[in-house]
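Input: a single structure, listed below in structure tokens.
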Amino acid sequence: MDTRYLQSFVTVAESGSFAQAARRLDLTPTAVAARIKALEEALGLSLIKRAGRSVRPTEAGMRILERARALLRDARDLAALADDEASFGELRLGVFMSAMTSVLPPVLKRVYDRYPSLSVFVMPGSSVDLCRRVAGGELDAAIVVEPQFAIGKTARWHAIMEEPLVVVAPAAMEGRDAHELLRTRPFIRYDRAVLGGQLADRYLRDHNIVPHQRLEIDSLLGVAALVDQGLGVALLPDWSSMWSARYALTRIPLPGRAPVRRVGLVWQAQGARSALAETFLEEAQAVFPPHPAPRPHGD
């Protein structure tokens, strides 16, 4: 069986759309549909059905979906192991979006210095979804914001870095009082559906600060760009990528001890690549400042 057909089936099942799957696979929708049809004919099963404007697996498709993912992982491992130096197989790593530019590149640089032939598959996503995928065995490890829920008995989490909340304001406001800015200036809110936004919302309520909210957005880089345009101030985790030369911003610390967003690694402690995940953690610890002791999750 051609593993490309399995990959097309899994991608369509995950994306719910032939068009989106085609973009992810760098194919045309017609080519993806042809692969699915060939797989269905080989198995004698109907695997995908339409549901309004989207598509989803049939009952038979759902029954083979997890096994198909496992077969694809095994195939990637075999390809990687063909190289004598690639003894780990392929590391399947999840990364939440803002860590793509701030955490992943310097850590991968150190990992590749040790293992130049290592194969890595990187999946972007939300921290909650990535934790679920690690617990389910779809990913070997993931860089995530500290989970606020049990992550399963076989998974582990360890902090890599802490990002305290700070007021982010246009550079011309440097030296101003943090609370005064939050009370008087237009406020650009970081999405309360994510942990950083929840920490900011809790801080505002605990200090009886009712900001003049202008908009709410789920993008740290987007908030930074809006603040750079003078559209307001924000209360955000102190994310290193915001302080590039492209934005004229100032960081204003909160009075007292600020809440922190912890970023770390979650991994399958009993997985085939647990040792490689722990190597990744070791290199991350070398890149970033000392972090607190690990807090137990899922035990």
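Ligands are numbered from 1 in the order shown, residues from 1 within each chain, and chains are lettered A, B, ... in the order they appear in the structure tokens.
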Extract, using only C-alpha atoms, all DNA, RNA and protein residues at most 10 Å from Ser240 in chain A, discarding same-chain residues fewer than 3 positions from it, and format them as a PyMOL selection string.
chain A and resi 98-99+101-103+163+237+243-244
Put those residues in a file: N, CA, C and O atoms, as a compact mmCIF listing (two decimals), in the first residue's frame.
# COMPACT_ATOMS: atom_id res chain seq x y z
N SER A 98 3.44 31.21 19.20
CA SER A 98 4.42 32.24 19.51
C SER A 98 5.80 31.66 19.83
O SER A 98 6.81 32.36 19.76
N ALA A 99 5.87 30.35 20.14
CA ALA A 99 7.16 29.72 20.40
C ALA A 99 7.89 29.36 19.10
O ALA A 99 9.08 29.02 19.14
N THR A 101 8.96 31.25 16.82
CA THR A 101 10.06 32.17 16.54
C THR A 101 10.94 32.44 17.76
O THR A 101 12.10 32.84 17.60
N SER A 102 10.42 32.23 18.97
CA SER A 102 11.19 32.60 20.15
C SER A 102 11.91 31.42 20.81
O SER A 102 13.01 31.58 21.35
N VAL A 103 11.32 30.23 20.78
CA VAL A 103 11.89 29.08 21.48
C VAL A 103 12.49 28.06 20.51
O VAL A 103 13.62 27.61 20.68
N GLU A 163 7.69 33.95 31.54
CA GLU A 163 7.44 35.25 30.92
C GLU A 163 6.49 36.04 31.80
O GLU A 163 5.29 35.82 31.79
N PRO A 237 2.40 38.64 28.28
CA PRO A 237 3.62 37.96 28.70
C PRO A 237 4.83 38.61 28.03
O PRO A 237 4.74 39.06 26.88
N TRP A 243 10.38 42.48 21.09
CA TRP A 243 11.33 43.56 21.30
C TRP A 243 12.34 43.68 20.17
O TRP A 243 13.43 44.20 20.35
N SER A 244 11.95 43.22 18.98
CA SER A 244 12.82 43.39 17.83
C SER A 244 12.80 44.84 17.37
O SER A 244 11.93 45.63 17.75
What residues in range 93-277 of chain A get the DSSP label alpha helix (DSSP H)? Please answer as a PyMOL selection string.
chain A and resi 99-102+104-114+127-135+178-184+195-206+220-228+274-277
Computed interatomic separation between CA of Gly175 in chain A and CA of Val194 in chain A (Å)
28.6 Å
When you look at Val32 in chain A with a cut-off of 7 Å (counting only C-alpha atoms), what residues show up, excluding the ones that are within fewer than 6 positions of it in the same chain? I need them as a ChimeraX atom specification.
/A:8,18,22
Residue subset to file, keeping N, CA and C atoms, as a short mmCIF file (atom, residue, chain, number, x, y, z; two decimals), in the first residue's frame:
data_model
loop_
_atom_site.label_atom_id
_atom_site.label_comp_id
_atom_site.auth_asym_id
_atom_site.auth_seq_id
_atom_site.Cartn_x
_atom_site.Cartn_y
_atom_site.Cartn_z
N SER A 8 -2.71 11.17 2.61
CA SER A 8 -3.79 12.00 2.09
C SER A 8 -5.07 11.77 2.88
N PHE A 18 -10.98 18.89 1.37
CA PHE A 18 -10.03 18.49 0.34
C PHE A 18 -9.11 19.66 -0.02
N ALA A 22 -5.17 19.66 0.43
CA ALA A 22 -4.33 19.85 -0.75
C ALA A 22 -3.25 20.90 -0.49
#
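In this comparison, which uses only C-alpha atoms, the residue of A:Val233, A:Ala272, A:Leu195, A:Leu281 approaching Val260 in chain A most closely is A:Leu195.
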Got a sec to tell me which of range 154-278 of chain A DSSP assigns to strand (DSSP E or B), as an NGL selection string?
:A and (155-170 or 186-190 or 212-217 or 233-237 or 249-253 or 260-268)
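For Leu165 in chain A, the non-local neighbours within 10 Å, defined as residues at least 3 positions apart in the same chain or in other chains and counting only C-alpha atoms, are Glu162, Val168, Gly196, Gly197, Leu199, Ala200, Tyr203, Ala234, Leu235, Leu236, Pro237, Asp238, Trp239, Arg251, Ile252, Pro253, Leu254, Arg257, Ala258, Pro259, Val260 and Arg261 of chain A.
Closest approach to Met62 in chain A among A:Leu104, A:Val287, A:Ala13, A:Met97: A:Ala13, based on only C-alpha atoms.
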Any chance you could tabulate, as a Markdown table, the residues of range 47-130 of chain A at most 6 Å from range 137-147 of chain A with each one's nearest atom pair and distance in Å to one decimal, using only C-alpha atoms, in chain and rising number order?
| residue | atom | partner | partner_atom | distance |
| --- | --- | --- | --- | --- |
| A:Arg92 | CA | A:Leu139 | CA | 5.1 |
| A:Leu93 | CA | A:Ala141 | CA | 5.1 |
| A:Gly94 | CA | A:Ala142 | CA | 4.1 |
| A:Val95 | CA | A:Ile143 | CA | 4.8 |
| A:Phe96 | CA | A:Val144 | CA | 5.7 |
| A:Ser127 | CA | A:Val144 | CA | 4.9 |
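CA of Arg133 in chain A is found 21.9 Å from CA of Glu282 in chain A.
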With distances taken over only C-alpha atoms, the candidate from A:Leu72, A:Leu249, A:Leu91, A:Ile188 nearest Arg273 in chain A is A:Leu91
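With CA of Pro116 in chain A on one side and CA of Ala286 in chain A on the other, the separation reads 18.2 Å.
If only C-alpha atoms are the atoms counted, then among A:Gly232, A:Leu130, A:Ile151, A:Glu216 the closest residue to Leu181 in chain A is A:Gly232.
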